[in-house]
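So this one's query.cif, mmCIF, C-alpha atoms; chains and numbers go by the auth columns:
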data_data
#
loop_
_atom_site.group_PDB
_atom_site.id
_atom_site.type_symbol
_atom_site.label_atom_id
_atom_site.label_comp_id
_atom_site.label_asym_id
_atom_site.label_seq_id
_atom_site.Cartn_x
_atom_site.Cartn_y
_atom_site.Cartn_z
_atom_site.B_iso_or_equiv
_atom_site.auth_seq_id
_atom_site.auth_asym_id
ATOM 1 C CA PRO A 1 9.591 -15.230 -14.555 0.00 7 A
ATOM 2 C CA ASP A 2 7.521 -16.478 -17.475 0.00 8 A
ATOM 3 C CA SER A 3 6.174 -14.082 -20.107 0.00 9 A
ATOM 4 C CA ALA A 4 2.777 -13.801 -18.342 0.00 10 A
ATOM 5 C CA THR A 5 4.333 -12.662 -15.061 0.00 11 A
ATOM 6 C CA ARG A 6 4.095 -8.921 -14.414 0.00 12 A
ATOM 7 C CA VAL A 7 5.517 -6.815 -11.637 0.00 13 A
ATOM 8 C CA VAL A 8 3.670 -3.703 -10.533 0.00 14 A
ATOM 9 C CA LYS A 9 6.100 -1.139 -9.124 0.00 15 A
ATOM 10 C CA HIS A 10 4.868 0.824 -6.105 0.00 16 A
ATOM 11 C CA GLY A 11 5.278 4.231 -7.745 0.00 17 A
ATOM 12 C CA ASP A 12 3.568 3.242 -11.014 0.00 18 A
ATOM 13 C CA ILE A 13 0.047 3.376 -9.523 0.00 19 A
ATOM 14 C CA PRO A 14 -1.086 6.486 -7.639 0.00 20 A
ATOM 15 C CA TRP A 15 -3.190 6.714 -4.501 0.00 21 A
ATOM 16 C CA VAL A 16 -6.567 8.264 -5.283 0.00 22 A
ATOM 17 C CA PRO A 17 -9.505 9.222 -3.053 0.00 23 A
ATOM 18 C CA MET A 18 -12.424 6.787 -2.999 0.00 24 A
ATOM 19 C CA GLY A 19 -15.462 8.919 -3.772 0.00 25 A
ATOM 20 C CA THR A 20 -14.414 12.356 -2.520 0.00 26 A
ATOM 21 C CA LEU A 21 -11.286 14.023 -1.183 0.00 27 A
ATOM 22 C CA GLU A 22 -12.952 14.052 2.252 0.00 28 A
ATOM 23 C CA SER A 23 -13.915 10.340 2.291 0.00 29 A
ATOM 24 C CA GLY A 24 -11.104 9.350 4.659 0.00 30 A
ATOM 25 C CA VAL A 25 -9.971 6.498 2.415 0.00 31 A
ATOM 26 C CA GLU A 26 -7.723 6.259 -0.624 0.00 32 A
ATOM 27 C CA MET A 27 -7.184 3.359 -3.021 0.00 33 A
ATOM 28 C CA LYS A 28 -4.389 2.022 -5.173 0.00 34 A
ATOM 29 C CA LEU A 29 -5.950 -0.448 -7.654 0.00 35 A
ATOM 30 C CA LEU A 30 -3.396 -3.167 -8.464 0.00 36 A
ATOM 31 C CA ARG A 31 -5.494 -5.691 -10.408 0.00 37 A
ATOM 32 C CA VAL A 32 -9.001 -5.289 -11.821 0.00 38 A
ATOM 33 C CA GLY A 33 -9.717 -9.011 -12.307 0.00 39 A
ATOM 34 C CA LYS A 34 -11.889 -8.640 -15.394 0.00 40 A
ATOM 35 C CA GLU A 35 -11.767 -12.344 -16.270 0.00 41 A
ATOM 36 C CA ASP A 36 -12.076 -13.964 -12.829 0.00 42 A
ATOM 37 C CA GLY A 37 -13.860 -11.283 -10.776 0.00 43 A
ATOM 38 C CA VAL A 38 -10.989 -11.073 -8.272 0.00 44 A
ATOM 39 C CA CYS A 39 -9.589 -7.614 -7.488 0.00 45 A
ATOM 40 C CA THR A 40 -6.465 -6.697 -5.598 0.00 46 A
ATOM 41 C CA PHE A 41 -6.084 -3.213 -4.190 0.00 47 A
ATOM 42 C CA MET A 42 -4.602 -1.240 -1.338 0.00 48 A
ATOM 43 C CA ASN A 43 -6.590 1.041 0.928 0.00 49 A
ATOM 44 C CA ARG A 44 -5.115 3.844 2.998 0.00 50 A
ATOM 45 C CA PHE A 45 -7.568 4.672 5.790 0.00 51 A
ATOM 46 C CA GLN A 46 -7.418 7.780 7.958 0.00 52 A
ATOM 47 C CA PRO A 47 -7.932 7.391 11.716 0.00 53 A
ATOM 48 C CA GLY A 48 -11.644 7.250 12.543 0.00 54 A
ATOM 49 C CA PHE A 49 -12.706 5.987 9.098 0.00 55 A
ATOM 50 C CA GLN A 50 -15.718 3.683 9.048 0.00 56 A
ATOM 51 C CA ALA A 51 -16.958 1.837 5.966 0.00 57 A
ATOM 52 C CA PRO A 52 -20.607 0.966 5.404 0.00 58 A
ATOM 53 C CA LYS A 53 -21.731 -2.436 6.678 0.00 59 A
ATOM 54 C CA HIS A 54 -21.166 -4.921 3.876 0.00 60 A
ATOM 55 C CA LEU A 55 -21.691 -8.546 2.840 0.00 61 A
ATOM 56 C CA HIS A 56 -18.840 -10.280 1.014 0.00 62 A
ATOM 57 C CA LEU A 57 -20.025 -12.330 -1.974 0.00 63 A
ATOM 58 C CA GLY A 58 -16.737 -14.229 -2.236 0.00 64 A
ATOM 59 C CA GLU A 59 -13.673 -14.749 -0.098 0.00 65 A
ATOM 60 C CA VAL A 60 -11.415 -11.914 1.019 0.00 66 A
ATOM 61 C CA HIS A 61 -7.739 -11.872 1.924 0.00 67 A
ATOM 62 C CA ALA A 62 -6.381 -8.847 3.809 0.00 68 A
ATOM 63 C CA TYR A 63 -2.824 -8.060 4.859 0.00 69 A
ATOM 64 C CA THR A 64 -2.238 -5.064 7.115 0.00 70 A
ATOM 65 C CA LEU A 65 0.921 -3.149 6.200 0.00 71 A
ATOM 66 C CA GLU A 66 0.568 -0.216 8.608 0.00 72 A
ATOM 67 C CA GLY A 67 -1.727 0.794 11.434 0.00 73 A
ATOM 68 C CA ARG A 68 -4.676 -1.177 12.799 0.00 74 A
ATOM 69 C CA TRP A 69 -8.318 -1.833 12.016 0.00 75 A
ATOM 70 C CA HIS A 70 -11.167 -4.072 13.094 0.00 76 A
ATOM 71 C CA TYR A 71 -14.784 -4.956 12.423 0.00 77 A
ATOM 72 C CA LEU A 72 -17.374 -3.559 14.819 0.00 78 A
ATOM 73 C CA GLU A 73 -19.070 -6.959 14.962 0.00 79 A
ATOM 74 C CA TYR A 74 -15.989 -8.923 16.117 0.00 80 A
ATOM 75 C CA ASP A 75 -13.631 -8.781 19.094 0.00 81 A
ATOM 76 C CA TRP A 76 -10.285 -8.824 17.248 0.00 82 A
ATOM 77 C CA THR A 77 -8.034 -6.130 15.790 0.00 83 A
ATOM 78 C CA SER A 78 -5.717 -6.487 12.804 0.00 84 A
ATOM 79 C CA ASP A 79 -2.341 -4.829 13.386 0.00 85 A
ATOM 80 C CA ALA A 80 0.579 -4.253 11.012 0.00 86 A
ATOM 81 C CA GLY A 81 1.819 -7.649 9.810 0.00 87 A
ATOM 82 C CA ASP A 82 -1.487 -9.455 10.416 0.00 88 A
ATOM 83 C CA TYR A 83 -3.279 -11.489 7.745 0.00 89 A
ATOM 84 C CA VAL A 84 -7.068 -11.835 7.771 0.00 90 A
ATOM 85 C CA TYR A 85 -9.099 -14.402 5.808 0.00 91 A
ATOM 86 C CA GLU A 86 -12.833 -13.854 5.372 0.00 92 A
ATOM 87 C CA PRO A 87 -15.053 -16.588 3.901 0.00 93 A
ATOM 88 C CA PRO A 88 -17.934 -15.706 1.555 0.00 94 A
ATOM 89 C CA ASP A 89 -21.178 -14.469 3.138 0.00 95 A
ATOM 90 C CA THR A 90 -19.522 -12.621 6.033 0.00 96 A
ATOM 91 C CA VAL A 91 -21.166 -9.360 7.091 0.00 97 A
ATOM 92 C CA HIS A 92 -19.351 -6.632 9.000 0.00 98 A
ATOM 93 C CA THR A 93 -18.423 -2.947 9.357 0.00 99 A
ATOM 94 C CA LEU A 94 -14.758 -1.967 8.947 0.00 100 A
ATOM 95 C CA HIS A 95 -13.561 0.650 11.413 0.00 101 A
ATOM 96 C CA VAL A 96 -10.177 2.310 11.933 0.00 102 A
ATOM 97 C CA PRO A 97 -9.611 3.440 15.533 0.00 103 A
ATOM 98 C CA GLU A 98 -9.553 7.201 16.050 0.00 104 A
ATOM 99 C CA GLU A 99 -6.472 6.883 18.258 0.00 105 A
ATOM 100 C CA ASN A 100 -4.300 5.539 15.415 0.00 106 A
ATOM 101 C CA GLU A 101 -1.338 7.879 15.038 0.00 107 A
ATOM 102 C CA GLY A 102 -1.310 7.743 11.247 0.00 108 A
ATOM 103 C CA PRO A 103 -3.020 6.080 8.322 0.00 109 A
ATOM 104 C CA THR A 104 -3.769 2.374 8.189 0.00 110 A
ATOM 105 C CA ILE A 105 -2.722 0.631 4.963 0.00 111 A
ATOM 106 C CA VAL A 106 -4.210 -2.739 4.013 0.00 112 A
ATOM 107 C CA VAL A 107 -3.820 -4.896 0.880 0.00 113 A
ATOM 108 C CA PHE A 108 -7.089 -6.633 -0.037 0.00 114 A
ATOM 109 C CA THR A 109 -7.826 -9.379 -2.540 0.00 115 A
ATOM 110 C CA VAL A 110 -11.593 -9.606 -2.980 0.00 116 A
ATOM 111 C CA ALA A 111 -13.495 -12.200 -5.015 0.00 117 A
ATOM 112 C CA LYS A 112 -16.930 -11.392 -6.486 0.00 118 A
ATOM 113 C CA GLY A 113 -17.338 -8.069 -4.675 0.00 119 A
ATOM 114 C CA MET A 114 -19.646 -7.062 -1.857 0.00 120 A
ATOM 115 C CA ASP A 115 -23.072 -5.638 -1.144 0.00 121 A
ATOM 116 C CA LEU A 116 -23.077 -2.366 0.806 0.00 122 A
ATOM 117 C CA TYR A 117 -25.835 -1.481 3.308 0.00 123 A
ATOM 118 C CA ASP A 118 -27.077 1.816 4.714 0.00 124 A
ATOM 119 C CA GLY A 119 -27.799 2.528 8.384 0.00 125 A
ATOM 120 C CA GLU A 120 -31.309 1.051 8.068 0.00 126 A
ATOM 121 C CA GLY A 121 -30.013 -2.233 6.631 0.00 127 A
ATOM 122 C CA ASN A 122 -31.037 -1.543 3.022 0.00 128 A
ATOM 123 C CA MET A 123 -28.610 -2.578 0.295 0.00 129 A
ATOM 124 C CA PHE A 124 -27.637 0.477 -1.724 0.00 130 A
ATOM 125 C CA MET A 125 -24.844 -0.832 -3.952 0.00 131 A
ATOM 126 C CA THR A 126 -22.976 -3.910 -5.105 0.00 132 A
ATOM 127 C CA GLN A 127 -19.287 -3.069 -5.377 0.00 133 A
ATOM 128 C CA ASP A 128 -17.566 -5.566 -7.678 0.00 134 A
ATOM 129 C CA ASN A 129 -14.497 -5.330 -9.890 0.00 135 A
ATOM 130 C CA GLN A 130 -16.288 -3.003 -12.339 0.00 136 A
ATOM 131 C CA GLY A 131 -17.419 -0.788 -9.472 0.00 137 A
ATOM 132 C CA LEU A 132 -13.917 -0.629 -7.985 0.00 138 A
ATOM 133 C CA GLU A 133 -12.496 0.274 -11.387 0.00 139 A
ATOM 134 C CA ALA A 134 -15.124 3.020 -11.743 0.00 140 A
ATOM 135 C CA LEU A 135 -14.247 4.371 -8.259 0.00 141 A
ATOM 136 C CA TYR A 136 -10.561 4.339 -9.137 0.00 142 A
ATOM 137 C CA ARG A 137 -11.226 6.171 -12.413 0.00 143 A
ATOM 138 C CA LEU A 138 -13.281 8.772 -10.512 0.00 144 A
ATOM 139 C CA GLY A 139 -10.390 9.289 -8.090 0.00 145 A
ATOM 140 C CA LEU A 140 -7.983 9.709 -10.990 0.00 146 A
ATOM 141 C CA ASP A 141 -10.327 12.305 -12.510 0.00 147 A
ATOM 142 C CA ILE A 142 -10.516 14.194 -9.195 0.00 148 A
ATOM 143 C CA LEU A 143 -6.713 14.433 -9.178 0.00 149 A
ATOM 144 C CA GLY A 144 -6.445 15.122 -12.926 0.00 150 A
ATOM 145 C CA LEU A 145 -4.494 11.907 -13.575 0.00 151 A
ATOM 146 C CA GLU A 146 -4.565 9.443 -16.467 0.00 152 A
ATOM 147 C CA TRP A 147 -5.253 5.697 -16.165 0.00 153 A
ATOM 148 C CA PRO A 148 -1.980 3.999 -15.096 0.00 154 A
ATOM 149 C CA GLU A 149 -0.998 1.267 -17.549 0.00 155 A
ATOM 150 C CA ALA A 150 0.571 -0.689 -14.663 0.00 156 A
ATOM 151 C CA VAL A 151 -2.883 -1.768 -13.331 0.00 157 A
ATOM 152 C CA LEU A 152 -3.232 -5.447 -14.153 0.00 158 A
ATOM 153 C CA PRO A 153 -6.315 -6.605 -16.099 0.00 159 A
#
Written as structure tokens, that's how I'd like the structure from this file.
Amino acid sequence: PDSATRVVKHGDIPWVPMGTLESGVEMKLLRVGKEDGVCTFMNRFQPGFQAPKHLHLGEVHAYTLEGRWHYLEYDWTSDAGDYVYEPPDTVHTLHVPEENEGPTIVVFTVAKGMDLYDGEGNMFMTQDNQGLEALYRLGLDILGLEWPEAVLP
């Protein structure tokens, strides 16, 4: 590998809760994407988790490592080993089936972030690379952990 290539070892970045310990989702932030606005992270969803409806501002790549998930608005399910591509301007609500036997783990690469909507359809937050970094830092604080140097800029 050239001198710019970096390898992030699985154990070098901890799982942290997104928001609260009871949120039903954890994150492992792999790359913040400060220069290009593209973040790469892993989510570990508990069965029954549902994210807020959201609008993607850029493209998204998702690879399911374990479990299964789907969007309420579509008729497909992503199972372990499946790859999902989402073009910019897609709107949907991520849901993890309650009957999953264990957590669902997905690797996401997200460009430009997303707008999150409440139950009445009002946007309440834009979650971009800075927002994901802030959420990850909050999760580290909840667990009493320091910022892992392995997270790529």
Could you give me, as a ChimeraX atom specification, the residues that have an atom at most 12 Å away from the point (-10.9, 7.0, -14.8) in the coordinates of the file, using all atoms listed in the file? /A:22,24,35,136-155,157
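Across the chains present, the PyMOL selection byres ((chain A and resi 112) around 6) applied to this file returns Met48, Asn49, Tyr69, Thr70, Leu71, Ile111 and Val113 of chain A.
Closest to Pro94 (chain A) among A:Arg12, A:Arg37, A:His67, A:Arg50 is A:His67, based on all atoms listed in the file.
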Kindly give the distance, in Å, that separates CA of Thr110 (chain A) and CA of Asp18 (chain A), rounded to a single decimal. 20.6 Å
Please enumerate the residues selected by the PyMOL selection byres ((chain A and resi 97-103) around 8) when evaluated against the supplied file, formatted as a list in words. Phe51, Gln52, Pro53, Gly54, Phe55, Gln56, Ala57, Pro58, Lys59, His60, Leu61, His62, Arg74, Trp75, His76, Tyr77, Leu78, Glu79, Asp95, Thr96, Glu104, Glu105, Asn106 and Thr110 of chain A
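Across the structure, CA of Gly127 (chain A) and CA of Tyr80 (chain A) are spaced 18.2 Å apart.
In this comparison, which uses only C-alpha atoms, the residue of A:Gly87, A:Pro93, A:Phe47, A:Pro109 approaching Val31 (chain A) most closely is A:Pro109.
The coordinates place CA of Lys40 (chain A) at 16.7 Å from CA of Val66 (chain A).
With all atoms listed in the file as the atoms that count, the minimum distance from Val38 (chain A) to the choices A:Val90, A:Leu122, A:Met131, A:Ala117 is reached by A:Ala117.
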Given 6 Å on each side, where is the centre and what are the edge lengths in Å to one decimal of the axis-aligned box enclosing the listed atoms of region 142-149 of chain A, as JSON?
{"center_x": -10.0, "center_y": 9.4, "center_z": -10.3, "size_x": 18.6, "size_y": 22.1, "size_z": 16.4}
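Minimum atom-to-atom distances from A:Val116, A:Val13, A:Ala156, A:Met33 to Ala68 (chain A) were compared using all atoms listed in the file, and the lowest value belongs to A:Val116.
Nearest residue to Lys34 (chain A) among A:Gln133, A:Asp124, A:Ser84, A:Phe114 is A:Phe114, counting all atoms listed in the file.
The smallest atom-to-atom distance between Gly43 (chain A) and any of A:Thr26, A:Thr115, A:Thr11, A:Thr83, using all atoms listed in the file, is found for A:Thr115.
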